$ cat coords04.cif   # mmCIF, C-alpha atoms
data_data
#
loop_
_atom_site.label_atom_id
_atom_site.label_comp_id
_atom_site.auth_asym_id
_atom_site.auth_seq_id
_atom_site.Cartn_x
_atom_site.Cartn_y
_atom_site.Cartn_z
CA MET A 1 23.47 -13.69 -0.39
CA GLU A 2 21.94 -12.72 -3.72
CA GLU A 3 21.84 -8.96 -4.25
CA ARG A 4 20.17 -7.17 -7.13
CA TRP A 5 19.61 -3.65 -8.33
CA ILE A 6 15.90 -2.90 -8.58
CA LEU A 7 14.38 0.22 -10.12
CA PHE A 8 11.77 1.87 -7.91
CA LYS A 9 9.22 4.05 -9.66
CA VAL A 10 7.81 6.22 -6.88
CA PHE A 11 4.67 8.35 -7.13
CA ARG A 12 5.35 11.98 -6.18
CA TYR A 13 2.71 14.59 -5.56
CA ASN A 14 2.41 17.48 -3.19
CA PRO A 15 -1.06 19.01 -3.69
CA LYS A 16 0.08 22.27 -2.08
CA VAL A 17 2.85 22.81 -4.64
CA ASP A 18 2.42 20.51 -7.66
CA LYS A 19 -0.19 20.95 -10.34
CA PHE A 20 0.12 17.34 -11.45
CA PRO A 21 1.63 14.21 -9.96
CA HIS A 22 4.80 12.74 -11.44
CA TRP A 23 6.99 9.64 -11.01
CA ASP A 24 10.57 9.54 -9.75
CA GLY A 25 12.94 6.65 -10.40
CA PHE A 26 15.46 5.32 -7.86
CA LYS A 27 17.83 2.36 -8.13
CA VAL A 28 18.14 0.42 -4.89
CA LYS A 29 20.34 -2.61 -4.12
CA VAL A 30 18.18 -5.24 -2.44
CA ASP A 31 18.73 -8.70 -1.02
CA ARG A 32 16.39 -11.56 -0.07
CA GLY A 33 15.19 -9.90 3.14
CA THR A 34 14.75 -6.33 1.87
CA THR A 35 11.17 -5.18 2.13
CA VAL A 36 9.61 -2.41 0.05
CA LEU A 37 9.58 -0.25 3.20
CA ASP A 38 13.35 -0.84 3.71
CA ALA A 39 13.92 0.23 0.11
CA LEU A 40 11.74 3.33 0.53
CA LEU A 41 13.64 4.31 3.67
CA ARG A 42 16.92 3.98 1.74
CA ILE A 43 15.39 6.20 -0.95
CA LYS A 44 14.36 8.65 1.78
CA GLU A 45 18.01 8.85 2.91
CA GLU A 46 18.83 10.03 -0.62
CA ASP A 47 15.76 12.23 -1.01
CA PRO A 48 14.42 13.37 2.40
CA THR A 49 11.43 15.10 0.77
CA LEU A 50 9.78 11.74 0.08
CA ALA A 51 6.75 11.30 2.39
CA VAL A 52 6.09 7.77 3.69
CA ARG A 53 3.98 6.74 6.68
CA TYR A 54 5.22 3.77 8.73
CA SER A 55 5.60 2.70 12.34
CA CYS A 56 5.99 -0.88 13.57
CA ARG A 57 7.74 -2.45 10.51
CA GLN A 58 6.19 -5.83 11.34
CA SER A 59 2.69 -5.68 9.84
CA ILE A 60 0.92 -4.92 13.09
CA CYS A 61 0.20 -1.19 12.96
CA GLY A 62 -1.21 -1.00 9.41
CA SER A 63 0.47 2.34 8.68
CA CYS A 64 2.44 1.51 5.53
CA GLY A 65 -0.37 0.38 3.22
CA MET A 66 0.33 1.46 -0.37
CA MET A 67 -0.13 0.36 -3.96
CA ILE A 68 2.84 -1.85 -4.83
CA ASN A 69 2.90 -2.94 -8.46
CA GLY A 70 -0.76 -1.94 -8.69
CA LYS A 71 -1.97 -3.96 -5.70
CA PRO A 72 -2.68 -2.66 -2.17
CA ARG A 73 -0.10 -4.19 0.18
CA LEU A 74 1.80 -3.43 3.36
CA ALA A 75 5.26 -2.13 2.41
CA CYS A 76 6.81 -3.70 5.53
CA TYR A 77 5.31 -7.11 4.72
CA THR A 78 6.26 -7.19 1.03
CA ARG A 79 9.73 -8.41 0.17
CA VAL A 80 11.03 -6.77 -3.00
CA LEU A 81 12.39 -9.95 -4.60
CA SER A 82 9.16 -11.85 -3.94
CA LEU A 83 7.46 -9.50 -6.41
CA GLY A 84 9.58 -11.05 -9.18
CA THR A 85 9.96 -7.85 -11.21
CA ASP A 86 13.00 -5.66 -12.02
CA MET A 87 10.93 -2.55 -11.56
CA VAL A 88 8.69 -1.89 -8.56
CA GLU A 89 5.97 0.73 -8.86
CA VAL A 90 4.98 2.36 -5.57
CA ALA A 91 1.93 4.64 -5.33
CA PRO A 92 -0.46 5.85 -2.61
CA LEU A 93 -3.54 3.80 -1.76
CA LYS A 94 -6.45 4.31 -4.12
CA ASN A 95 -9.82 5.69 -2.93
CA PHE A 96 -8.09 7.98 -0.41
CA ARG A 97 -7.21 11.67 -0.69
CA ILE A 98 -3.48 12.19 -1.11
CA ILE A 99 -1.77 14.32 1.54
CA LYS A 100 1.72 14.02 0.06
CA ASP A 101 3.52 11.39 -2.05
CA LEU A 102 2.64 8.02 -0.46
CA VAL A 103 0.78 9.43 2.54
CA VAL A 104 -3.01 9.44 2.31
CA ASP A 105 -5.80 10.92 4.42
CA PHE A 106 -7.61 8.34 6.58
CA SER A 107 -10.18 10.73 8.11
CA ASP A 108 -13.12 9.49 5.99
CA PHE A 109 -12.10 5.90 6.60
CA PHE A 110 -12.10 6.34 10.39
CA LYS A 111 -15.27 8.45 10.30
CA LYS A 112 -17.06 5.56 8.63
CA GLU A 113 -15.59 3.12 11.14
CA ARG A 114 -16.79 5.27 14.05
CA SER A 115 -20.30 5.39 12.55
CA ILE A 116 -20.79 1.65 13.16
CA TYR A 117 -19.88 1.89 16.88
CA PRO A 118 -16.67 -0.18 16.83
CA PHE A 119 -16.76 -1.17 20.48
CA ILE A 120 -18.73 -3.42 22.81
CA ILE A 121 -22.03 -1.84 23.80
CA ARG A 122 -23.62 -3.01 27.04
CA SER A 123 -26.64 -1.94 29.01
CA ASP A 124 -25.23 -2.78 32.47
CA ALA A 125 -23.53 0.57 32.98
CA GLU A 126 -22.97 -0.02 36.70
CA GLU A 127 -21.03 -3.22 36.02
CA MET A 128 -18.97 -1.46 33.34
CA MET A 129 -18.02 1.32 35.75
CA ASN A 130 -17.36 -0.91 38.78
CA PRO A 131 -16.62 -4.40 37.45
CA THR A 132 -17.27 -7.33 39.78
CA GLY A 133 -16.37 -10.08 37.32
CA ALA A 134 -15.61 -11.03 33.74
CA TYR A 135 -17.97 -11.86 30.87
CA LYS A 136 -17.90 -15.52 29.94
CA GLN A 137 -17.19 -16.49 26.36
CA THR A 138 -16.86 -20.07 25.19
CA GLU A 139 -14.54 -21.16 22.41
CA GLU A 140 -17.50 -21.60 20.03
CA GLU A 141 -18.72 -18.09 20.80
CA LEU A 142 -15.23 -16.69 20.17
CA LEU A 143 -14.93 -18.54 16.85
CA LYS A 144 -18.07 -16.80 15.54
CA TYR A 145 -16.14 -13.54 15.09
CA LEU A 146 -12.46 -14.37 15.63
CA GLU A 147 -11.54 -14.53 11.93
CA PHE A 148 -12.98 -11.03 11.44
CA ALA A 149 -11.22 -9.55 14.47
CA ASP A 150 -7.68 -9.47 13.02
CA CYS A 151 -8.19 -6.22 11.09
CA ILE A 152 -5.31 -3.74 11.56
CA GLU A 153 -7.10 -0.91 9.72
CA CYS A 154 -4.43 -0.60 7.04
CA GLY A 155 -6.95 0.48 4.37
CA CYS A 156 -5.84 -2.09 1.77
CA CYS A 157 -9.40 -3.49 1.46
CA TYR A 158 -10.79 0.02 1.09
CA ALA A 159 -8.30 0.78 -1.70
CA ALA A 160 -9.19 -2.43 -3.55
CA CYS A 161 -12.98 -2.07 -3.29
CA PRO A 162 -14.64 -1.23 -6.64
CA THR A 163 -17.78 0.08 -4.90
CA THR A 164 -15.78 2.53 -2.78
CA ALA A 165 -14.16 3.75 -6.01
CA THR A 166 -17.53 4.78 -7.45
CA ASP A 167 -19.48 5.59 -4.27
CA PRO A 168 -17.42 7.64 -1.76
CA LEU A 169 -20.28 7.46 0.77
CA TYR A 170 -20.19 3.64 0.84
CA LEU A 171 -19.18 2.46 4.32
CA GLY A 172 -16.49 0.21 2.88
CA PRO A 173 -15.30 -3.32 3.66
CA GLN A 174 -13.37 -2.42 6.81
CA ALA A 175 -16.28 -0.73 8.61
CA LEU A 176 -18.78 -3.40 7.54
CA ASN A 177 -16.41 -6.18 8.60
CA LYS A 178 -16.02 -4.52 11.98
CA ALA A 179 -19.80 -4.12 12.33
CA TYR A 180 -20.24 -7.86 11.77
CA ARG A 181 -17.40 -8.65 14.20
CA PHE A 182 -19.15 -6.75 17.03
CA ILE A 183 -22.66 -7.95 16.14
CA MET A 184 -21.50 -11.57 16.46
CA ASP A 185 -19.73 -10.96 19.77
CA ASN A 186 -21.97 -12.45 22.47
CA ARG A 187 -20.86 -9.78 24.99
CA ASP A 188 -22.23 -7.03 22.77
CA GLU A 189 -25.80 -5.69 23.00
CA GLY A 190 -25.67 -3.06 20.25
CA ALA A 191 -26.64 -5.18 17.23
CA LYS A 192 -29.84 -3.25 16.49
CA LEU A 193 -28.02 0.08 16.61
CA ARG A 194 -25.35 -1.14 14.18
CA LEU A 195 -27.84 -2.82 11.85
CA SER A 196 -29.68 0.48 11.48
CA VAL A 197 -26.42 2.03 10.23
CA VAL A 198 -25.35 -0.72 7.84
CA ASP A 199 -28.87 -1.25 6.43
CA SER A 200 -28.80 2.03 4.47
CA ASP A 201 -28.42 3.41 0.93
CA HIS A 202 -24.64 3.27 1.28
CA GLY A 203 -24.39 0.27 3.60
CA CYS A 204 -23.82 -3.42 3.08
CA TRP A 205 -26.33 -3.76 0.20
CA ARG A 206 -24.00 -1.86 -2.11
CA CYS A 207 -21.41 -4.68 -1.94
CA HIS A 208 -21.36 -6.64 -5.21
CA PHE A 209 -19.17 -9.37 -3.75
CA ALA A 210 -16.20 -8.71 -6.04
CA ALA A 211 -14.17 -9.94 -3.04
CA SER A 212 -11.17 -7.75 -3.95
CA CYS A 213 -11.05 -6.74 -0.28
CA SER A 214 -10.52 -10.31 0.87
CA ASN A 215 -8.00 -10.87 -1.90
CA VAL A 216 -5.67 -8.09 -0.71
CA CYS A 217 -6.06 -8.25 3.08
CA PRO A 218 -2.53 -8.72 4.52
CA LYS A 219 -3.93 -10.29 7.70
CA GLY A 220 -6.12 -12.86 5.96
CA VAL A 221 -9.39 -11.32 7.14
CA ASP A 222 -12.29 -11.99 4.78
CA PRO A 223 -14.38 -8.77 4.75
CA ALA A 224 -16.39 -9.89 1.70
CA LYS A 225 -17.57 -12.94 3.65
CA ALA A 226 -18.42 -10.78 6.67
CA ILE A 227 -20.51 -8.46 4.48
CA GLN A 228 -22.49 -11.38 3.01
CA PHE A 229 -23.07 -12.70 6.56
CA LEU A 230 -24.14 -9.21 7.58
CA LYS A 231 -26.78 -9.24 4.83
CA GLY A 232 -27.92 -12.60 6.22
CA VAL A 233 -28.20 -11.16 9.74
CA ILE A 234 -30.34 -8.27 8.42
CA MET A 235 -32.58 -10.71 6.51
CA ARG A 236 -32.99 -12.83 9.64
CA GLU A 237 -33.75 -9.72 11.70
CA LYS A 238 -36.47 -8.73 9.21
CA THR A 239 -38.05 -12.17 8.94
CA VAL A 240 -37.67 -14.48 11.92
CA GLY A 241 -35.76 -12.06 14.13
CA PHE A 242 -32.04 -12.11 14.90
CA LYS A 243 -31.23 -13.64 18.26
CA LYS A 244 -27.87 -14.52 19.75
CA GLU A 245 -26.82 -16.11 22.99
CA GLY A 246 -25.94 -13.52 25.59
CA THR A 247 -23.08 -13.81 28.01
CA THR A 248 -22.99 -14.48 31.71
CA LEU A 249 -21.02 -12.61 34.28
CA VAL A 250 -18.54 -14.72 36.21
CA SER A 251 -17.63 -12.94 39.42
CA TYR A 252 -13.93 -12.58 40.22
CA PRO A 253 -13.67 -15.07 43.15
CA GLN A 254 -14.99 -17.83 40.87
CA LEU A 255 -12.34 -17.23 38.23
CA LYS A 256 -9.48 -19.68 38.38
CA PRO A 257 -6.41 -18.14 36.77
CA VAL A 258 -4.08 -20.58 35.05
CA GLY A 259 -0.58 -20.92 36.51
CA PHE A 260 -1.06 -19.48 39.96
CA GLN A 261 -3.43 -19.68 42.87
CA ARG A 262 -5.19 -16.53 43.96
CA SER A 263 -4.34 -15.75 47.59
CA GLU A 264 -7.12 -14.16 49.61
CA MET B 1 -38.58 1.97 3.36
CA ARG B 2 -35.33 0.50 4.57
CA GLU B 3 -32.77 -0.70 2.04
CA SER B 4 -33.14 -4.29 3.28
CA SER B 5 -36.89 -4.29 2.49
CA LEU B 6 -36.19 -3.08 -1.03
CA MET B 7 -33.48 -5.70 -1.52
CA MET B 8 -35.63 -8.47 -0.05
CA LEU B 9 -38.33 -7.59 -2.59
CA HIS B 10 -35.61 -7.53 -5.26
CA TYR B 11 -34.61 -11.13 -4.48
CA ALA B 12 -38.26 -12.25 -4.16
CA ALA B 13 -39.00 -10.66 -7.56
CA ALA B 14 -36.14 -12.70 -9.07
CA VAL B 15 -37.72 -15.93 -7.80
CA VAL B 16 -41.16 -14.88 -9.06
CA LEU B 17 -39.58 -14.05 -12.44
CA LEU B 18 -38.14 -17.55 -12.67
CA VAL B 19 -41.51 -19.19 -12.02
CA THR B 20 -43.77 -16.94 -14.10
CA GLY B 21 -41.16 -16.61 -16.87
CA SER B 22 -40.87 -20.40 -17.10
CA ILE B 23 -44.69 -20.69 -17.44
CA HIS B 24 -44.62 -18.03 -20.16
CA LEU B 25 -41.79 -19.79 -22.05
CA MET B 26 -43.43 -23.21 -21.76
CA LYS B 27 -46.76 -21.88 -22.98
CA ASN B 28 -45.15 -20.42 -26.09
CA ASN B 29 -42.67 -23.18 -26.89
CA ILE B 30 -44.09 -26.55 -25.84
CA PRO B 31 -46.57 -27.79 -28.44
CA GLY B 32 -49.85 -28.85 -26.91
CA MET B 33 -49.40 -26.84 -23.72
CA GLU B 34 -52.50 -24.73 -23.54
CA ILE B 35 -52.86 -22.05 -20.89
CA HIS B 36 -55.52 -19.55 -21.76
CA GLY B 37 -57.82 -17.01 -20.27
CA PRO B 38 -57.55 -15.22 -16.95
CA LEU B 39 -55.00 -17.65 -15.49
CA TYR B 40 -52.41 -16.80 -18.14
CA LEU B 41 -53.28 -13.11 -17.89
CA VAL B 42 -52.66 -13.20 -14.14
CA ASN B 43 -49.36 -15.02 -14.74
CA MET B 44 -48.29 -12.38 -17.24
CA LEU B 45 -49.29 -9.50 -15.00
CA ILE B 46 -47.30 -10.98 -12.10
CA PHE B 47 -44.38 -11.57 -14.49
CA VAL B 48 -44.43 -7.96 -15.71
CA SER B 49 -44.76 -6.60 -12.15
CA ALA B 50 -41.79 -8.65 -10.92
CA LEU B 51 -39.78 -7.77 -14.03
CA MET B 52 -40.45 -4.06 -13.66
CA TYR B 53 -39.58 -4.02 -9.96
CA HIS B 54 -36.40 -6.06 -10.43
CA ALA B 55 -35.24 -3.97 -13.40
CA MET B 56 -36.05 -0.57 -11.95
CA ASN B 57 -34.47 -1.40 -8.59
CA GLY B 58 -31.36 -2.61 -10.43
CA VAL B 59 -31.17 0.70 -12.30
CA ARG B 60 -31.71 2.56 -9.00
CA VAL B 61 -28.79 0.71 -7.38
CA ILE B 62 -26.49 1.52 -10.31
CA LEU B 63 -27.50 5.19 -10.33
CA ILE B 64 -27.06 5.52 -6.55
CA GLU B 65 -23.49 4.29 -6.93
CA LEU B 66 -22.81 6.72 -9.75
CA MET B 67 -24.48 9.68 -8.00
CA PRO B 68 -24.25 8.84 -4.28
CA LYS B 69 -25.37 12.24 -3.04
CA ARG B 70 -28.61 12.08 -5.01
CA SER B 71 -29.85 8.74 -3.67
CA ARG B 72 -33.23 9.96 -2.41
CA ALA B 73 -34.05 11.92 -5.57
CA ILE B 74 -33.00 8.93 -7.69
CA SER B 75 -35.30 6.61 -5.70
CA TYR B 76 -38.33 8.90 -6.22
CA ILE B 77 -37.62 9.48 -9.92
CA ILE B 78 -37.26 5.72 -10.49
CA LEU B 79 -40.48 5.07 -8.54
CA VAL B 80 -42.51 7.51 -10.67
CA LEU B 81 -40.86 6.34 -13.91
CA GLY B 82 -41.44 2.71 -12.92
CA ILE B 83 -45.16 3.27 -12.25
CA ILE B 84 -45.65 5.03 -15.61
CA ILE B 85 -43.81 2.29 -17.56
CA TYR B 86 -45.59 -0.42 -15.58
CA LEU B 87 -49.05 1.00 -16.34
CA TYR B 88 -48.19 1.22 -20.04
CA ILE B 89 -46.82 -2.36 -20.21
CA ALA B 90 -49.63 -3.81 -18.08
CA ASN B 91 -52.21 -2.26 -20.41
CA LEU B 92 -50.33 -3.69 -23.38
CA VAL B 93 -50.27 -7.17 -21.79
CA ILE B 94 -53.99 -7.04 -21.01
CA ALA B 95 -54.78 -6.01 -24.58
CA LEU B 96 -52.54 -8.71 -26.08
CA VAL B 97 -53.51 -11.63 -23.85
CA ARG B 98 -57.24 -10.96 -23.96
#
$ encode --input "coords04.cif" --output "structure tokens"
Amino acid sequence: MEERWILFKVFRYNPKVDKFPHWDGFKVKVDRGTTVLDALLRIKEEDPTLAVRYSCRQSICGSCGMMINGKPRLACYTRVLSLGTDMVEVAPLKNFRIIKDLVVDFSDFFKKERSIYPFIIRSDAEEMMNPTGAYKQTEEELLKYLEFADCIECGCCYAACPTTATDPLYLGPQALNKAYRFIMDNRDEGAKLRLSVVDSDHGCWRCHFAASCSNVCPKGVDPAKAIQFLKGVIMREKTVGFKKEGTTLVSYPQLKPVGFQRSE
Amino acid sequence: MRESSLMMLHYAAAVVLLVTGSIHLMKNNIPGMEIHGPLYLVNMLIFVSALMYHAMNGVRVILIELMPKRSRAISYIILVLGIIIYLYIANLVIALVR
């Protein structure tokens, strides 16, 4: 198996101690399967003071987002040799406050996400507390939001967004994408509430459709498209009125589970 | 006014600009095309109104991004500035077209 020595230029900064950030260089032997996260963990064995955030190592948790060769990527999903360079530059995600080295503060990011009510809102509180059935959703209804539902909240889109770079109050591609995902869900009844949040000075109208967010998303979600659709939903709401098909409740005895027969 | 209303007007102003601007260009560049009197004056006043709104709202959007915490103050300053400039230009248009 081909093995190569690659130079890693790693961003180092501890705001509590350092006046200015600096770069450290490390040589790491990598092979075809070595990811940037593997390399960073090898570096961490050498220098335990290096701060890196990671968890699942299989691009599901979204913890290891960082700037790799100037582009926001997941370290666990980026193979070193696929970058095609002898030197790999690793830095923390842009548009976030740095906690230490490659670890950034996601509090603003999650605060903005919470502001758009990222959950299904329903008026039938009694049914939610004591469920008697399941809400029906056809394949067509699912497809209206499915492509926007794969977000793992890694922050790569947020780091790539030029509007977020200039306007820190801008909701950002992740929150706006999530707002659209829930608005289009036929089980949800909170569209008006969410539209009042995204239709603001720092909401979806600040998106210039640079589409950098969609370009860097490791899960193939297209937040830029969701934001343009969101603008369309607001326009429809203001002109002809935004209406969507609701869902129907299918009570449990009527449900026919696949693979086994329910015994009464 | 909600941001969507302002942006809807922004897009509508762009369409109006296309129509009234085309009439203005044709009048001045196509030989034999004669549009005179109050009709042309109305066209020019609509053109200037749409142009002013579109331009000032564009400046407002840029400034809000550069100074996000001052968005309300920026909107009011742009509104006042826009009205003053509009009144000046509209007077100029009326004097020139008449």
$ residues_around --input "coords04.cif" --residues "region 74-91 of chain A" --least-positions-apart "5" --cutoff "8 Å" --atoms "only C-alpha atoms" --output "PyMOL selection string"
chain A and resi 5-11+30-38+57-59+62-69+101-102+154+156+218
$ closest_residue --input "coords04.cif" --among "A:Leu176, A:Leu40, A:Ala226, A:Val216" --to "Phe109 (chain A)" --atoms "all atoms listed in the file"
A:Leu176
$ interface_residues --input "coords04.cif" --of "chain B" --to "chain A" --cutoff "9 Å" --atoms "all atoms listed in the file" --output "list in words"
Arg2, Glu3, Ser4, Ser5, Met7, Met8, Val61, Ile64, Glu65, Leu66, Met67, Pro68, Lys69, Ser71 and Arg72 of chain B
$ residues_around --input "coords04.cif" --residues "His36 (chain B)" --least-positions-apart "5" --cutoff "10 Å" --atoms "only C-alpha atoms" --output "list in words"
Lys27, Leu41, Val97 and Arg98 of chain B
$ resolve_selection --input "coords04.cif" --expression "the PyMOL selection byres ((chain A and resi 131-137) around 8)" --output "ChimeraX atom specification"
/A:126-130,138-139,141-142,186-187,247-252
$ atom_distance --input "coords04.cif" --atom1 "CA of Tyr180 (chain A)" --atom2 "CA of His208 (chain A)"
17.1 Å
$ residues_around --input "coords04.cif" --residues "Met52 (chain B)" --least-positions-apart "2" --cutoff "12 Å" --atoms "all atoms listed in the file" --output "PDB file with C-alpha atoms, in the frame of the given file"
ATOM      1  CA  LEU B   9     -38.330  -7.590  -2.590  1.00  0.00           C
ATOM      2  CA  HIS B  10     -35.610  -7.530  -5.260  1.00  0.00           C
ATOM      3  CA  ALA B  13     -39.000 -10.660  -7.560  1.00  0.00           C
ATOM      4  CA  ALA B  14     -36.140 -12.700  -9.070  1.00  0.00           C
ATOM      5  CA  VAL B  16     -41.160 -14.880  -9.060  1.00  0.00           C
ATOM      6  CA  LEU B  17     -39.580 -14.050 -12.440  1.00  0.00           C
ATOM      7  CA  MET B  44     -48.290 -12.380 -17.240  1.00  0.00           C
ATOM      8  CA  LEU B  45     -49.290  -9.500 -15.000  1.00  0.00           C
ATOM      9  CA  ILE B  46     -47.300 -10.980 -12.100  1.00  0.00           C
ATOM     10  CA  PHE B  47     -44.380 -11.570 -14.490  1.00  0.00           C
ATOM     11  CA  VAL B  48     -44.430  -7.960 -15.710  1.00  0.00           C
ATOM     12  CA  SER B  49     -44.760  -6.600 -12.150  1.00  0.00           C
ATOM     13  CA  ALA B  50     -41.790  -8.650 -10.920  1.00  0.00           C
ATOM     14  CA  HIS B  54     -36.400  -6.060 -10.430  1.00  0.00           C
ATOM     15  CA  ALA B  55     -35.240  -3.970 -13.400  1.00  0.00           C
ATOM     16  CA  MET B  56     -36.050  -0.570 -11.950  1.00  0.00           C
ATOM     17  CA  ASN B  57     -34.470  -1.400  -8.590  1.00  0.00           C
ATOM     18  CA  GLY B  58     -31.360  -2.610 -10.430  1.00  0.00           C
ATOM     19  CA  VAL B  59     -31.170   0.700 -12.300  1.00  0.00           C
ATOM     20  CA  ARG B  60     -31.710   2.560  -9.000  1.00  0.00           C
ATOM     21  CA  ILE B  78     -37.260   5.720 -10.490  1.00  0.00           C
ATOM     22  CA  LEU B  79     -40.480   5.070  -8.540  1.00  0.00           C
ATOM     23  CA  LEU B  81     -40.860   6.340 -13.910  1.00  0.00           C
ATOM     24  CA  GLY B  82     -41.440   2.710 -12.920  1.00  0.00           C
ATOM     25  CA  ILE B  83     -45.160   3.270 -12.250  1.00  0.00           C
ATOM     26  CA  ILE B  84     -45.650   5.030 -15.610  1.00  0.00           C
ATOM     27  CA  ILE B  85     -43.810   2.290 -17.560  1.00  0.00           C
ATOM     28  CA  TYR B  86     -45.590  -0.420 -15.580  1.00  0.00           C
ATOM     29  CA  LEU B  87     -49.050   1.000 -16.340  1.00  0.00           C
ATOM     30  CA  TYR B  88     -48.190   1.220 -20.040  1.00  0.00           C
ATOM     31  CA  ILE B  89     -46.820  -2.360 -20.210  1.00  0.00           C
ATOM     32  CA  ALA B  90     -49.630  -3.810 -18.080  1.00  0.00           C
TER      33      ALA B  90
END
$ resolve_selection --input "coords04.cif" --expression "the PyMOL selection byres ((chain A and resi 183) around 9)" --output "PyMOL selection string"
chain A and resi 120+145+178-182+184-186+188-192+194-195+230
$ resolve_selection --input "coords04.cif" --expression "the PyMOL selection byres ((chain A and resi 93) around 9)" --output "list of chain:residue names"
A:Gly65, A:Met66, A:Met67, A:Lys71, A:Pro72, A:Arg73, A:Ala91, A:Pro92, A:Lys94, A:Asn95, A:Phe96, A:Arg97, A:Ile98, A:Leu102, A:Val103, A:Val104, A:Gly155, A:Cys156, A:Tyr158, A:Ala159, A:Ala160
$ atom_distance --input "coords04.cif" --atom1 "CA of Glu3 (chain A)" --atom2 "CA of Pro48 (chain A)"
24.5 Å
$ atom_distance --input "coords04.cif" --atom1 "CA of Thr239 (chain A)" --atom2 "CA of Val80 (chain B)"
28.1 Å
$ closest_residue --input "coords04.cif" --among "A:Lys19, A:Ile99, A:Phe106, A:Ile116" --to "Leu50 (chain A)" --atoms "all atoms listed in the file"
A:Ile99
$ residues_around --input "coords04.cif" --residues "Ile35 (chain B)" --least-positions-apart "4" --cutoff "12 Å" --atoms "all atoms listed in the file" --output "PyMOL selection string"
chain B and resi 23-31+39-44+97
$ residues_near_point --input "coords04.cif" --point "(15.0, 8.3, 0.1)" --cutoff "10 Å" --atoms "only C-alpha atoms" --output "PyMOL selection string"
chain A and resi 26+28+38-52
